[in-house]
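Listing of data.tsv; format and content: TSV, C-alpha atoms.
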```
chain	number	residue	atom	x	y	z
A	435	MET	CA	23.21	8.75	-7.38
A	436	SER	CA	26.95	9.17	-6.87
A	437	THR	CA	28.67	5.78	-6.46
A	438	ARG	CA	31.88	7.70	-5.86
A	439	HIS	CA	30.50	9.42	-2.78
A	440	ILE	CA	28.75	6.35	-1.45
A	441	LEU	CA	32.07	4.44	-1.61
A	442	LEU	CA	33.84	7.32	0.13
A	443	ALA	CA	31.22	7.21	2.88
A	444	LEU	CA	31.61	3.43	3.27
A	445	LEU	CA	35.39	3.81	3.46
A	446	ALA	CA	34.95	6.36	6.25
A	447	LYS	CA	34.26	3.41	8.59
A	448	GLY	CA	37.80	2.08	8.02
A	449	PRO	CA	40.03	0.47	5.35
A	450	SER	CA	38.20	-1.99	3.16
A	451	HIS	CA	38.61	-3.93	-0.07
A	452	GLY	CA	36.40	-3.85	-3.16
A	453	TYR	CA	34.48	-7.02	-2.43
A	454	ASP	CA	33.58	-5.90	1.07
A	455	LEU	CA	32.52	-2.44	-0.15
A	456	LYS	CA	30.20	-3.98	-2.73
A	457	ARG	CA	28.63	-6.25	-0.10
A	458	ARG	CA	28.13	-3.41	2.36
A	459	HIS	CA	26.64	-1.18	-0.34
A	460	ASP	CA	24.08	-3.86	-1.24
A	461	ASP	CA	23.24	-4.41	2.45
A	462	HIS	CA	22.70	-0.72	3.15
A	463	PHE	CA	20.67	-0.10	-0.03
A	464	PRO	CA	18.67	-3.33	-0.30
A	465	GLN	CA	16.19	-2.03	-2.88
A	466	ALA	CA	18.83	-0.40	-5.10
A	467	ARG	CA	20.35	-2.10	-8.14
A	468	PRO	CA	23.27	-4.17	-6.78
A	469	LEU	CA	26.63	-2.55	-7.44
A	470	ALA	CA	28.69	-4.29	-10.15
A	471	TYR	CA	32.20	-5.39	-9.09
A	472	GLY	CA	33.66	-3.71	-12.19
A	473	GLN	CA	32.11	-0.41	-11.17
A	474	VAL	CA	33.50	-0.70	-7.63
A	475	TYR	CA	37.07	-1.30	-8.85
A	476	THR	CA	36.92	1.42	-11.53
A	477	THR	CA	35.58	3.91	-8.98
A	478	LEU	CA	38.23	2.98	-6.40
A	479	GLN	CA	40.99	3.54	-9.00
A	480	ARG	CA	39.56	6.96	-9.79
A	481	LEU	CA	39.38	7.86	-6.10
A	482	VAL	CA	43.08	6.96	-5.79
A	483	ARG	CA	43.92	8.95	-8.93
A	484	ASP	CA	42.11	12.00	-7.48
A	485	GLY	CA	43.85	11.72	-4.11
A	486	LEU	CA	40.65	10.89	-2.21
A	487	ALA	CA	41.63	7.31	-1.34
A	488	GLU	CA	44.91	5.39	-1.15
A	489	VAL	CA	46.08	1.82	-1.07
A	490	ALA	CA	46.53	0.71	2.54
A	491	GLY	CA	48.12	-2.67	1.84
A	492	THR	CA	46.90	-6.10	0.91
A	493	ASP	CA	44.83	-8.66	2.72
A	494	ALA	CA	45.01	-12.34	1.77
A	495	ASP	CA	42.89	-13.92	4.52
A	496	GLY	CA	43.56	-17.45	3.21
A	497	GLY	CA	42.23	-16.62	-0.27
A	498	PRO	CA	43.45	-14.55	-3.19
A	499	GLU	CA	45.27	-11.35	-2.32
A	500	ARG	CA	43.00	-8.30	-2.11
A	501	THR	CA	43.91	-4.64	-2.13
A	502	LEU	CA	42.82	-2.64	0.91
A	503	TYR	CA	41.82	0.98	0.39
A	504	ARG	CA	41.49	3.79	2.91
A	505	LEU	CA	40.34	7.40	2.81
A	506	THR	CA	42.78	10.29	2.60
A	507	ALA	CA	42.10	13.52	4.53
A	508	ASP	CA	40.78	15.05	1.27
A	509	GLY	CA	38.54	12.02	0.75
A	510	SER	CA	37.16	12.31	4.25
A	511	ARG	CA	36.40	16.02	3.69
A	512	GLU	CA	34.80	15.29	0.33
A	513	ALA	CA	32.51	12.61	1.85
A	514	THR	CA	31.39	14.94	4.67
A	515	ASP	CA	30.83	17.87	2.29
A	516	TRP	CA	28.77	15.76	-0.08
A	517	ALA	CA	26.59	14.30	2.69
A	518	GLY	CA	25.86	17.78	4.05
A	519	GLN	CA	25.00	19.41	0.74
A	520	VAL	CA	21.34	20.14	0.03
A	521	THR	CA	20.32	18.28	-3.13
A	522	PRO	CA	18.93	20.69	-5.72
A	523	PRO	CA	15.31	19.77	-6.59
A	524	ALA	CA	15.28	18.38	-10.13
A	525	PRO	CA	15.38	21.37	-12.51
A	526	PHE	CA	13.89	19.51	-15.50
A	527	VAL	CA	10.62	17.65	-15.68
A	528	THR	CA	11.44	14.46	-17.49
A	529	ASN	CA	9.63	11.25	-16.81
A	530	GLU	CA	8.58	8.44	-19.11
A	531	ILE	CA	4.97	8.27	-17.88
A	532	PHE	CA	4.60	12.03	-18.27
A	533	ALA	CA	6.08	11.86	-21.79
A	534	LYS	CA	3.80	9.00	-22.85
A	535	VAL	CA	0.68	10.82	-21.64
A	536	VAL	CA	1.71	13.97	-23.53
A	537	VAL	CA	2.39	11.89	-26.66
A	538	ALA	CA	-0.98	10.15	-26.29
A	539	ILE	CA	-2.71	13.54	-26.12
A	540	LEU	CA	-0.77	14.93	-29.10
A	541	THR	CA	-1.29	11.91	-31.34
A	542	GLY	CA	-4.97	11.41	-30.53
A	543	GLY	CA	-4.33	8.25	-28.50
A	544	ASP	CA	-6.25	7.24	-25.37
A	545	PRO	CA	-4.41	8.86	-22.45
A	546	ALA	CA	-7.20	7.95	-19.99
A	547	ALA	CA	-6.86	4.24	-20.77
A	548	HIS	CA	-3.09	4.54	-20.55
A	549	LEU	CA	-3.35	6.22	-17.14
A	550	LEU	CA	-5.68	3.49	-15.87
A	551	ALA	CA	-3.29	0.73	-16.99
A	552	GLN	CA	-0.31	2.59	-15.51
A	553	ARG	CA	-2.21	3.02	-12.25
A	554	ALA	CA	-2.75	-0.76	-12.06
A	555	ALA	CA	1.00	-1.35	-12.60
A	556	HIS	CA	1.89	1.23	-9.93
A	557	MET	CA	-0.58	-0.31	-7.47
A	558	ASP	CA	0.90	-3.78	-8.07
A	559	ARG	CA	4.36	-2.47	-7.22
A	560	MET	CA	3.03	-0.59	-4.17
A	561	ARG	CA	1.42	-3.79	-2.89
A	562	GLU	CA	4.77	-5.62	-3.24
A	563	LEU	CA	6.63	-2.87	-1.39
A	564	THR	CA	3.99	-2.67	1.36
A	565	ALA	CA	4.21	-6.43	1.93
A	566	LEU	CA	8.01	-6.13	2.03
A	567	LYS	CA	8.10	-3.37	4.62
A	568	THR	CA	5.38	-4.78	6.88
A	569	ALA	CA	6.84	-8.30	7.01
A	570	PRO	CA	7.86	-9.04	10.62
A	571	SER	CA	11.43	-9.76	9.49
A	572	ALA	CA	11.86	-6.45	7.58
A	573	GLU	CA	15.08	-4.61	8.49
A	574	LEU	CA	15.38	-0.84	8.76
A	575	GLY	CA	17.19	-0.50	5.40
A	576	THR	CA	14.34	-2.32	3.65
A	577	VAL	CA	11.67	-0.26	5.42
A	578	LEU	CA	13.38	3.05	4.54
A	579	ALA	CA	13.87	2.00	0.91
A	580	ALA	CA	10.25	0.80	0.63
A	581	ASP	CA	8.97	4.07	2.21
A	582	TYR	CA	11.01	6.07	-0.27
A	583	ALA	CA	9.74	4.09	-3.27
A	584	LEU	CA	6.13	4.08	-2.01
A	585	ASN	CA	6.07	7.85	-1.56
A	586	HIS	CA	7.44	8.41	-5.06
A	587	LEU	CA	4.97	5.98	-6.64
A	588	ASP	CA	2.22	7.70	-4.66
A	589	ALA	CA	3.34	11.07	-6.03
A	590	ASP	CA	3.13	9.63	-9.57
A	591	LEU	CA	-0.37	8.36	-8.82
A	592	ARG	CA	-1.51	11.73	-7.52
A	593	TRP	CA	-0.19	13.37	-10.69
A	594	MET	CA	-1.97	10.73	-12.78
A	595	THR	CA	-5.26	11.31	-10.91
A	596	THR	CA	-5.02	15.07	-11.42
A	597	THR	CA	-4.14	14.57	-15.08
A	598	GLN	CA	-7.08	12.26	-15.58
A	599	ALA	CA	-9.32	14.95	-14.12
A	600	ARG	CA	-7.75	17.57	-16.38
A	601	LEU	CA	-7.84	15.50	-19.56
A	602	THR	CA	-11.16	16.79	-20.83
A	603	THR	CA	-9.99	20.37	-20.50
A	604	LEU	CA	-6.54	19.62	-21.95
A	605	THR	CA	-7.93	17.81	-24.98
A	606	ALA	CA	-10.49	20.55	-25.51
A	607	VAL	CA	-7.70	23.16	-25.51
A	608	THR	CA	-5.61	21.09	-27.96
A	609	VAL	CA	-8.57	20.81	-30.32
A	610	GLU	CA	-9.14	24.58	-30.11
A	611	VAL	CA	-5.46	25.28	-30.85
A	612	ASP	CA	-5.50	22.89	-33.82
A	613	ARG	CA	-8.57	24.62	-35.19
A	614	ALA	CA	-7.11	28.11	-34.82
B	1484	MET	CA	-11.38	-15.27	-13.39
B	1485	SER	CA	-13.01	-18.72	-13.27
B	1486	ASN	CA	-10.74	-19.84	-10.41
B	1487	ARG	CA	-11.79	-16.97	-8.15
B	1488	PRO	CA	-13.38	-18.15	-4.89
B	1489	VAL	CA	-17.14	-17.86	-4.46
B	1490	PRO	CA	-17.84	-14.28	-3.39
B	1491	LEU	CA	-19.13	-13.70	0.13
B	1492	LEU	CA	-20.48	-10.24	-0.54
B	1493	VAL	CA	-21.72	-9.04	-3.92
B	1494	ALA	CA	-23.00	-5.63	-5.02
B	1495	ARG	CA	-24.68	-5.46	-8.40
B	1496	ASP	CA	-25.62	-2.30	-10.26
B	1497	LEU	CA	-26.10	-0.22	-7.13
B	1498	VAL	CA	-27.91	3.07	-7.50
B	1499	LYS	CA	-28.24	5.56	-4.66
B	1500	ALA	CA	-28.98	9.28	-4.55
B	1501	HIS	CA	-28.71	11.70	-1.65
B	1502	GLY	CA	-31.69	13.98	-2.38
B	1503	SER	CA	-31.26	14.94	-6.02
B	1504	THR	CA	-27.50	14.23	-6.02
B	1505	PRO	CA	-26.60	10.83	-7.43
B	1506	ALA	CA	-23.93	9.04	-5.34
B	1507	LEU	CA	-23.93	5.60	-6.99
B	1508	ARG	CA	-24.89	5.03	-10.61
B	1509	GLY	CA	-24.46	1.31	-11.18
B	1510	ALA	CA	-21.56	0.31	-8.91
B	1511	ARG	CA	-20.54	-3.36	-8.81
B	1512	LEU	CA	-18.20	-5.17	-6.49
B	1513	GLU	CA	-17.38	-8.63	-5.19
B	1514	LEU	CA	-15.63	-9.54	-1.96
B	1515	ALA	CA	-14.48	-13.12	-1.36
B	1516	ALA	CA	-14.07	-14.62	2.12
B	1517	GLY	CA	-10.75	-13.54	3.62
B	1518	GLU	CA	-10.09	-11.07	0.81
B	1519	ILE	CA	-8.92	-7.50	1.42
B	1520	VAL	CA	-10.25	-5.01	-1.13
B	1521	ALA	CA	-9.64	-1.27	-1.28
B	1522	VAL	CA	-12.28	1.02	-2.77
B	1523	THR	CA	-10.63	4.20	-3.99
B	1524	GLY	CA	-11.73	7.32	-5.83
B	1525	ALA	CA	-11.89	11.10	-5.53
B	1526	SER	CA	-14.05	12.72	-2.85
B	1527	GLY	CA	-17.66	12.58	-3.95
B	1528	SER	CA	-17.07	9.51	-6.11
B	1529	GLY	CA	-19.47	7.45	-3.97
B	1530	LYS	CA	-16.94	5.37	-1.99
B	1531	SER	CA	-18.53	5.80	1.43
B	1532	THR	CA	-22.05	5.37	0.05
B	1533	LEU	CA	-20.95	2.07	-1.51
B	1534	LEU	CA	-19.56	0.92	1.85
B	1535	HIS	CA	-22.74	1.99	3.65
B	1536	CYS	CA	-24.91	0.05	1.17
B	1537	LEU	CA	-22.72	-3.06	1.47
B	1538	ALA	CA	-22.74	-2.94	5.28
B	1539	GLY	CA	-26.51	-2.52	5.39
B	1540	ILE	CA	-26.21	0.93	6.94
B	1541	VAL	CA	-28.21	2.53	4.11
B	1542	ARG	CA	-30.49	0.89	1.57
B	1543	PRO	CA	-29.71	1.42	-2.12
B	1544	ASP	CA	-32.41	2.89	-4.39
B	1545	GLY	CA	-31.69	0.20	-6.97
B	1546	GLY	CA	-29.53	-2.87	-7.53
B	1547	ALA	CA	-28.78	-5.69	-5.11
B	1548	VAL	CA	-26.43	-6.46	-2.22
B	1549	THR	CA	-26.07	-10.15	-1.44
B	1550	TYR	CA	-24.22	-11.46	1.62
B	1551	ALA	CA	-23.75	-15.25	1.92
B	1552	GLY	CA	-26.79	-15.76	-0.30
B	1553	GLU	CA	-29.00	-13.28	1.61
B	1554	ARG	CA	-30.33	-10.07	-0.02
B	1555	VAL	CA	-29.02	-7.45	2.42
B	1556	ASP	CA	-30.85	-4.59	0.70
B	1557	ALA	CA	-34.21	-6.32	1.28
B	1558	LEU	CA	-33.72	-7.48	4.87
B	1559	PRO	CA	-36.01	-6.23	7.66
B	1560	GLU	CA	-34.31	-3.82	10.06
B	1561	ARG	CA	-34.20	-6.41	12.84
B	1562	ARG	CA	-32.25	-8.95	10.79
B	1563	LEU	CA	-29.97	-6.17	9.54
B	1564	SER	CA	-29.10	-5.13	13.10
B	1565	GLU	CA	-28.37	-8.75	13.93
B	1566	LEU	CA	-26.09	-9.06	10.89
B	1567	ARG	CA	-24.22	-5.90	11.83
B	1568	ARG	CA	-23.79	-7.25	15.37
B	1569	THR	CA	-22.64	-10.75	14.47
B	1570	ASP	CA	-21.14	-10.85	10.97
B	1571	PHE	CA	-20.03	-7.30	10.20
B	1572	GLY	CA	-17.53	-5.03	11.95
B	1573	VAL	CA	-17.32	-1.34	11.06
B	1574	VAL	CA	-14.56	1.23	11.57
B	1575	PHE	CA	-15.02	4.89	10.67
B	1576	GLN	CA	-12.55	7.72	10.05
B	1577	PHE	CA	-12.91	9.15	13.54
B	1578	GLY	CA	-13.36	5.86	15.36
B	1579	GLN	CA	-16.76	6.91	16.70
B	1580	LEU	CA	-16.00	5.43	20.09
B	1581	ILE	CA	-18.46	6.21	22.87
B	1582	PRO	CA	-16.80	9.10	24.75
B	1583	GLU	CA	-18.25	8.24	28.16
B	1584	LEU	CA	-16.93	4.66	28.13
B	1585	THR	CA	-13.36	3.51	28.74
B	1586	ALA	CA	-11.37	1.94	25.90
B	1587	LEU	CA	-12.01	-1.46	27.48
B	1588	ASP	CA	-15.77	-0.97	27.74
B	1589	ASN	CA	-15.95	0.40	24.19
B	1590	VAL	CA	-14.49	-2.89	22.96
B	1591	ALA	CA	-16.56	-5.01	25.36
B	1592	LEU	CA	-19.83	-3.34	24.35
B	1593	PRO	CA	-20.56	-5.30	21.13
B	1594	LEU	CA	-20.09	-8.56	23.07
B	1595	MET	CA	-22.40	-7.39	25.84
B	1596	LEU	CA	-25.01	-6.35	23.27
B	1597	ALA	CA	-24.78	-9.88	21.88
B	1598	GLY	CA	-25.49	-11.31	25.33
B	1599	THR	CA	-22.03	-11.98	26.82
B	1600	ALA	CA	-21.77	-11.26	30.56
B	1601	ARG	CA	-19.84	-8.09	31.45
B	1602	GLU	CA	-16.85	-9.77	33.06
B	1603	ALA	CA	-16.32	-12.28	30.25
B	1604	ALA	CA	-16.81	-9.51	27.68
B	1605	GLN	CA	-14.19	-7.35	29.38
B	1606	GLU	CA	-11.76	-10.22	29.52
B	1607	ARG	CA	-12.05	-10.85	25.80
B	1608	ALA	CA	-11.95	-7.13	25.07
B	1609	ALA	CA	-8.67	-6.85	27.01
B	1610	GLY	CA	-7.19	-9.57	24.81
B	1611	TRP	CA	-8.18	-7.69	21.67
B	1612	LEU	CA	-6.78	-4.41	22.98
B	1613	GLU	CA	-3.49	-6.22	23.63
B	1614	ARG	CA	-3.52	-7.62	20.13
B	1615	PHE	CA	-3.80	-4.13	18.65
B	1616	GLY	CA	-1.10	-2.73	20.92
B	1617	ALA	CA	-3.66	-0.64	22.82
B	1618	GLY	CA	-3.80	-2.70	25.99
B	1619	GLU	CA	-1.54	-0.66	28.24
B	1620	ARG	CA	-4.12	1.73	29.63
B	1621	PRO	CA	-7.54	0.18	29.07
B	1622	GLY	CA	-9.16	2.58	31.59
B	1623	LEU	CA	-8.60	5.68	29.44
B	1624	ARG	CA	-11.55	7.33	27.74
B	1625	PRO	CA	-11.48	8.12	24.00
B	1626	GLY	CA	-10.76	11.83	24.69
B	1627	GLU	CA	-7.54	10.83	26.44
B	1628	LEU	CA	-6.24	8.72	23.54
B	1629	SER	CA	-4.17	9.86	20.54
B	1630	GLY	CA	-5.76	9.49	17.11
B	1631	GLY	CA	-3.77	6.35	16.36
B	1632	GLN	CA	-4.61	4.75	19.72
B	1633	ALA	CA	-8.30	5.57	19.30
B	1634	GLN	CA	-8.32	3.95	15.85
B	1635	ARG	CA	-6.67	0.82	17.22
B	1636	VAL	CA	-9.36	0.66	19.93
B	1637	ALA	CA	-11.98	1.09	17.19
B	1638	LEU	CA	-10.40	-1.79	15.25
B	1639	ALA	CA	-10.46	-3.98	18.35
B	1640	ARG	CA	-14.14	-3.11	18.78
B	1641	ALA	CA	-14.86	-3.98	15.13
B	1642	LEU	CA	-13.12	-7.35	15.37
B	1643	VAL	CA	-14.04	-8.48	18.90
B	1644	THR	CA	-17.18	-10.33	17.78
B	1645	GLY	CA	-15.26	-12.31	15.13
B	1646	PRO	CA	-16.96	-10.75	12.09
B	1647	ARG	CA	-16.62	-12.32	8.64
B	1648	VAL	CA	-16.46	-8.88	7.02
B	1649	VAL	CA	-14.81	-5.72	8.34
B	1650	PHE	CA	-15.83	-2.44	6.73
B	1651	ALA	CA	-13.34	0.39	7.23
B	1652	ASP	CA	-14.29	3.86	5.98
B	1653	GLU	CA	-11.15	6.03	5.69
B	1654	PRO	CA	-9.75	4.38	8.84
B	1655	THR	CA	-6.52	6.36	8.63
B	1656	GLY	CA	-7.98	9.59	7.26
B	1657	ALA	CA	-7.16	11.56	10.41
B	1658	LEU	CA	-3.76	9.98	11.13
B	1659	ASP	CA	-0.16	10.82	10.26
B	1660	SER	CA	1.79	8.39	8.09
B	1661	LEU	CA	3.36	6.30	10.86
B	1662	ALA	CA	0.15	5.98	12.89
B	1663	SER	CA	-1.60	5.11	9.65
B	1664	GLU	CA	0.95	2.38	8.98
B	1665	GLN	CA	0.43	0.91	12.47
B	1666	VAL	CA	-3.35	0.87	12.08
B	1667	MET	CA	-3.25	-0.71	8.61
B	1668	THR	CA	-0.63	-3.28	9.57
B	1669	ALA	CA	-2.71	-4.26	12.63
B	1670	LEU	CA	-5.89	-4.48	10.56
B	1671	VAL	CA	-4.36	-6.55	7.75
B	1672	HIS	CA	-2.39	-8.93	9.97
B	1673	THR	CA	-5.43	-9.58	12.17
B	1674	ALA	CA	-7.72	-10.08	9.18
B	1675	ARG	CA	-5.25	-12.61	7.75
B	1676	GLU	CA	-5.14	-14.47	11.07
B	1677	THR	CA	-8.89	-14.55	11.63
B	1678	GLY	CA	-9.86	-15.01	7.98
B	1679	ALA	CA	-12.07	-11.91	8.00
B	1680	ALA	CA	-12.65	-10.18	4.67
B	1681	VAL	CA	-11.95	-6.44	4.68
B	1682	LEU	CA	-13.43	-3.68	2.56
B	1683	VAL	CA	-11.44	-0.51	3.11
B	1684	VAL	CA	-12.55	2.80	1.61
B	1685	THR	CA	-9.68	5.23	1.14
B	1686	HIS	CA	-8.50	8.12	-0.99
B	1687	ASP	CA	-4.89	7.21	-0.10
B	1688	ALA	CA	-3.02	4.90	-2.51
B	1689	GLN	CA	-0.55	3.94	0.23
B	1690	VAL	CA	-3.45	2.63	2.32
B	1691	ALA	CA	-4.97	0.90	-0.72
B	1692	ALA	CA	-1.63	-0.88	-1.23
B	1693	TYR	CA	-2.31	-2.99	1.89
B	1694	ALA	CA	-5.24	-4.60	0.07
B	1695	ASP	CA	-5.15	-7.58	-2.31
B	1696	ARG	CA	-6.75	-5.50	-5.04
B	1697	GLU	CA	-8.28	-2.13	-5.78
B	1698	VAL	CA	-11.74	-1.21	-7.02
B	1699	ARG	CA	-11.84	2.30	-8.35
B	1700	LEU	CA	-14.97	4.45	-8.26
B	1701	GLN	CA	-15.53	7.37	-10.56
B	1702	ASP	CA	-18.75	9.37	-10.42
B	1703	GLY	CA	-20.63	6.55	-8.70
B	1704	VAL	CA	-19.50	3.88	-11.17
B	1705	THR	CA	-16.83	1.24	-10.56
B	1706	ALA	CA	-14.18	1.75	-13.21
B	1707	GLY	CA	-12.61	-1.17	-14.97
B	1708	LEU	CA	-11.16	-3.25	-12.18
B	1709	GLU	CA	-14.19	-4.80	-10.48
B	1710	VAL	CA	-14.82	-8.49	-11.12
B	1711	CYS	CA	-18.61	-8.97	-11.28
B	1712	ALA	CA	-19.59	-11.14	-14.25
```
Translate the structure described by the file into structure tokens.
Amino acid sequence: MSTRHILLALLAKGPSHGYDLKRRHDDHFPQARPLAYGQVYTTLQRLVRDGLAEVAGTDADGGPERTLYRLTADGSREATDWAGQVTPPAPFVTNEIFAKVVVAILTGGDPAAHLLAQRAAHMDRMRELTALKTAPSAELGTVLAADYALNHLDADLRWMTTTQARLTTLTAVTVEVDRA
Amino acid sequence: MSNRPVPLLVARDLVKAHGSTPALRGARLELAAGEIVAVTGASGSGKSTLLHCLAGIVRPDGGAVTYAGERVDALPERRLSELRRTDFGVVFQFGQLIPELTALDNVALPLMLAGTAREAAQERAAGWLERFGAGERPGLRPGELSGGQAQRVALARALVTGPRVVFADEPTGALDSLASEQVMTALVHTARETGAAVLVVTHDAQVAAYADREVRLQDGVTAGLEVCA
């Protein structure tokens, strides 16, 4: 995900300083990895260097002095363009579970047992996310994030189920190829 | 495993065939009081047959089903009907509400069958419809309800008698994802409040994720995650 564009989008609501941007990012994306302060400041400096943001002054507010940033016209355009662009579906199939199952098949391991154990881990995580999103106090950001994660875990599970069903055929083919 | 509560419902080595087609080939399962368990598996894996055997709807060809110390698979039909009326609640994929009755009367019916007077039964039924967010138009007939509303009425009907076990067979199978979420949330929250155990059969992992644990069926056999000793 592009931290650069997310920060641009957050700045579109008005001038802000690094600390506030980090806090708002973490509020809006509650299930994402929290943004590191270092990353926020590095990204802001790059946005200024590229003419997408500029320093709008300083804000002390009784504490240490903090630099306020605001979007430039180019930055505003860039944020809108990015948000409107269709995301290309991933061109490469790379996934750790997929790789481990292939390796298990190639090295004569037990892919079926691996898939069963992985399913249990996925179901544990899906139970956590379901409890999170159905809690009476759940906010929209949490519900959307949980839905997103649940649907992706579910897609993994469906692939695992299909693979489990295919395993006999796949292993049979591998054995045939090895023999040939 | 030793600190698990005493199971309320136990299936051991269940065998059942439909004609010459085996549906269950030694399935095992335990359900503790207040526990929510999802039975998952591909179509034809025997999930619904397992639920039917556990709920006393069909008798297994072999193995045993024990509910609160009683052998369900060996009970006379009369005692089975009583059990299904008082201790068990059942929800199916398509609700199976009675089309000629209003939503309110569909929910009141199990109470009336158990001897409650019509007015008192309707009053309690109205409370349950409210609880499932289906209380706004209790006079509608099943044909006038959306799929999600009909399933919530079916849930109210399954829970109105205060069952100790609710059996739900693909309760969201005909619903879109948001209606499915509403039905499952209502079912799980109510079961937690009333202490009812729930056995939900589903092919959908997102539905199974509402349960405390999953029992997976493959070709009529429970695979790896069941807890029978």
Counting all atoms listed in the file, which residues in chain A sit no more than 9 Å from chain B? For each one, give the nearest pair of atoms and the distance in Å, sorted by chain then residue number, as CSV.
```
residue,atom,partner,partner_atom,distance
A:Leu550,CA,B:Gly1707,CA,8.4
A:Ala554,CA,B:Glu1697,CA,8.5
A:Met557,CA,B:Ala1692,CA,6.4
A:Asp558,CA,B:Ala1692,CA,7.8
A:Arg559,CA,B:Ala1692,CA,8.6
A:Met560,CA,B:Ala1692,CA,5.5
A:Arg561,CA,B:Ala1692,CA,4.5
A:Glu562,CA,B:Ala1692,CA,8.2
A:Leu563,CA,B:Ala1692,CA,8.5
A:Thr564,CA,B:Tyr1693,CA,6.3
A:Ala565,CA,B:Tyr1693,CA,7.4
A:Thr568,CA,B:Thr1668,CA,6.8
A:Leu584,CA,B:Gln1689,CA,7.0
A:Asn585,CA,B:Gln1689,CA,7.9
A:Asp588,CA,B:Ala1688,CA,6.3
A:Leu591,CA,B:Ala1688,CA,7.7
A:Arg592,CA,B:Ala1688,CA,8.6
A:Thr595,CA,B:Ala1525,CA,8.5
```
Can you spit out the residues from that selection as a tab-separated table (two decimals), keeping the file's coordinate frame, using C-alpha atoms?
```tsv
chain	number	residue	atom	x	y	z
A	550	LEU	CA	-5.68	3.49	-15.87
A	554	ALA	CA	-2.75	-0.76	-12.06
A	557	MET	CA	-0.58	-0.31	-7.47
A	558	ASP	CA	0.90	-3.78	-8.07
A	559	ARG	CA	4.36	-2.47	-7.22
A	560	MET	CA	3.03	-0.59	-4.17
A	561	ARG	CA	1.42	-3.79	-2.89
A	562	GLU	CA	4.77	-5.62	-3.24
A	563	LEU	CA	6.63	-2.87	-1.39
A	564	THR	CA	3.99	-2.67	1.36
A	565	ALA	CA	4.21	-6.43	1.93
A	568	THR	CA	5.38	-4.78	6.88
A	584	LEU	CA	6.13	4.08	-2.01
A	585	ASN	CA	6.07	7.85	-1.56
A	588	ASP	CA	2.22	7.70	-4.66
A	591	LEU	CA	-0.37	8.36	-8.82
A	592	ARG	CA	-1.51	11.73	-7.52
A	595	THR	CA	-5.26	11.31	-10.91
```
>> Here is a test: counting only C-alpha atoms, which residue of A:Tyr582, A:Pro498, A:Pro522, A:Ile531 is nearest to A:Phe463?
In response: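 Among the listed residues, A:Tyr582 lies closest to A:Phe463.
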>> What's the separation between atom CA of A:Ala466 and atom CA of A:Leu549, in Å to one decimal place?
In response: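 Straight-line distance from atom CA of A:Ala466 to atom CA of A:Leu549 works out to 26.1 Å.
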> Closest to B:Val1489 among B:Gly1545, B:Gly1552, B:Gly1656, B:Pro1625, using all atoms listed in the file?
Replying inline: B:Gly1552
> What does the distance from atom CA of A:Arg600 to atom CA of B:Gly1527 come to in Å, to one decimal?
Replying inline: 16.7 Å
> Mind pulling up the distance from atom CA of A:Pro449 to atom CA of A:Ser436?
Replying inline: 19.9 Å
>> Quick one: residues within 8 Å of stretch 1503-1516 of chain B, all atoms listed in the file, excluding same-chain residues fewer than 2 positions away - as a ChimeraX atom specification?
In response: /B:1488-1501,1518-1520,1527-1529,1532-1533,1546,1647-1648,1678-1680,1682,1698,1700,1702-1705,1709-1711
Report the centre and edge lengths, in Å to one decimal, of an axis-aligned box enclosing every atom of stretch 519-535 of chain A listed in the file, padded by 3 Å on each side, as JSON.
```
{"center_x": 12.8, "center_y": 14.8, "center_z": -11.1, "size_x": 30.3, "size_y": 19.1, "size_z": 29.6}
```
> Pick from B:Glu1613, B:Glu1676, B:Glu1627, B:Glu1606: nearest to B:Ala1639, with only C-alpha atoms counted?
Replying inline: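 Result for the nearest residue to B:Ala1639: B:Glu1613.
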> For B:Thr1585, which residue out of B:Arg1561, B:Lys1530, B:Arg1624, B:Arg1675 is the nearest one, using all atoms listed in the file?
Replying inline: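 Of B:Arg1561, B:Lys1530, B:Arg1624, B:Arg1675, the one nearest B:Thr1585 is B:Arg1624, counting all atoms listed in the file.
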> Can you tell me, as number ranges by chain, which residues sit within 12 Å of (43.0, 15.7, -7.2) in the file's frame, using all atoms listed in the file?
Replying inline: A: 480-487, 506-509, 512
> Near B:Asp1659, counting all atoms listed in the file, which residues have an atom at most 10 Å away, once you skip same-chain residues fewer than 4 positions from it, shown as a PyMOL selection string?
Replying inline: chain B and resi 1630-1631+1655+1663-1664
Please provide the set of residues having any atom within 10 Å of A:Thr477, restricted to only C-alpha atoms, with same-chain residues fewer than 3 positions apart removed, written as a PDB file with C-alpha atoms, in the coordinates of the input.
```pdb
ATOM      1  CA  THR A 437      28.670   5.780  -6.460  1.00  0.00           C
ATOM      2  CA  ARG A 438      31.880   7.700  -5.860  1.00  0.00           C
ATOM      3  CA  HIS A 439      30.500   9.420  -2.780  1.00  0.00           C
ATOM      4  CA  LEU A 441      32.070   4.440  -1.610  1.00  0.00           C
ATOM      5  CA  LEU A 442      33.840   7.320   0.130  1.00  0.00           C
ATOM      6  CA  GLY A 452      36.400  -3.850  -3.160  1.00  0.00           C
ATOM      7  CA  TYR A 471      32.200  -5.390  -9.090  1.00  0.00           C
ATOM      8  CA  GLY A 472      33.660  -3.710 -12.190  1.00  0.00           C
ATOM      9  CA  GLN A 473      32.110  -0.410 -11.170  1.00  0.00           C
ATOM     10  CA  VAL A 474      33.500  -0.700  -7.630  1.00  0.00           C
ATOM     11  CA  ARG A 480      39.560   6.960  -9.790  1.00  0.00           C
ATOM     12  CA  LEU A 481      39.380   7.860  -6.100  1.00  0.00           C
ATOM     13  CA  VAL A 482      43.080   6.960  -5.790  1.00  0.00           C
ATOM     14  CA  ARG A 483      43.920   8.950  -8.930  1.00  0.00           C
TER      15      ARG A 483
END
```
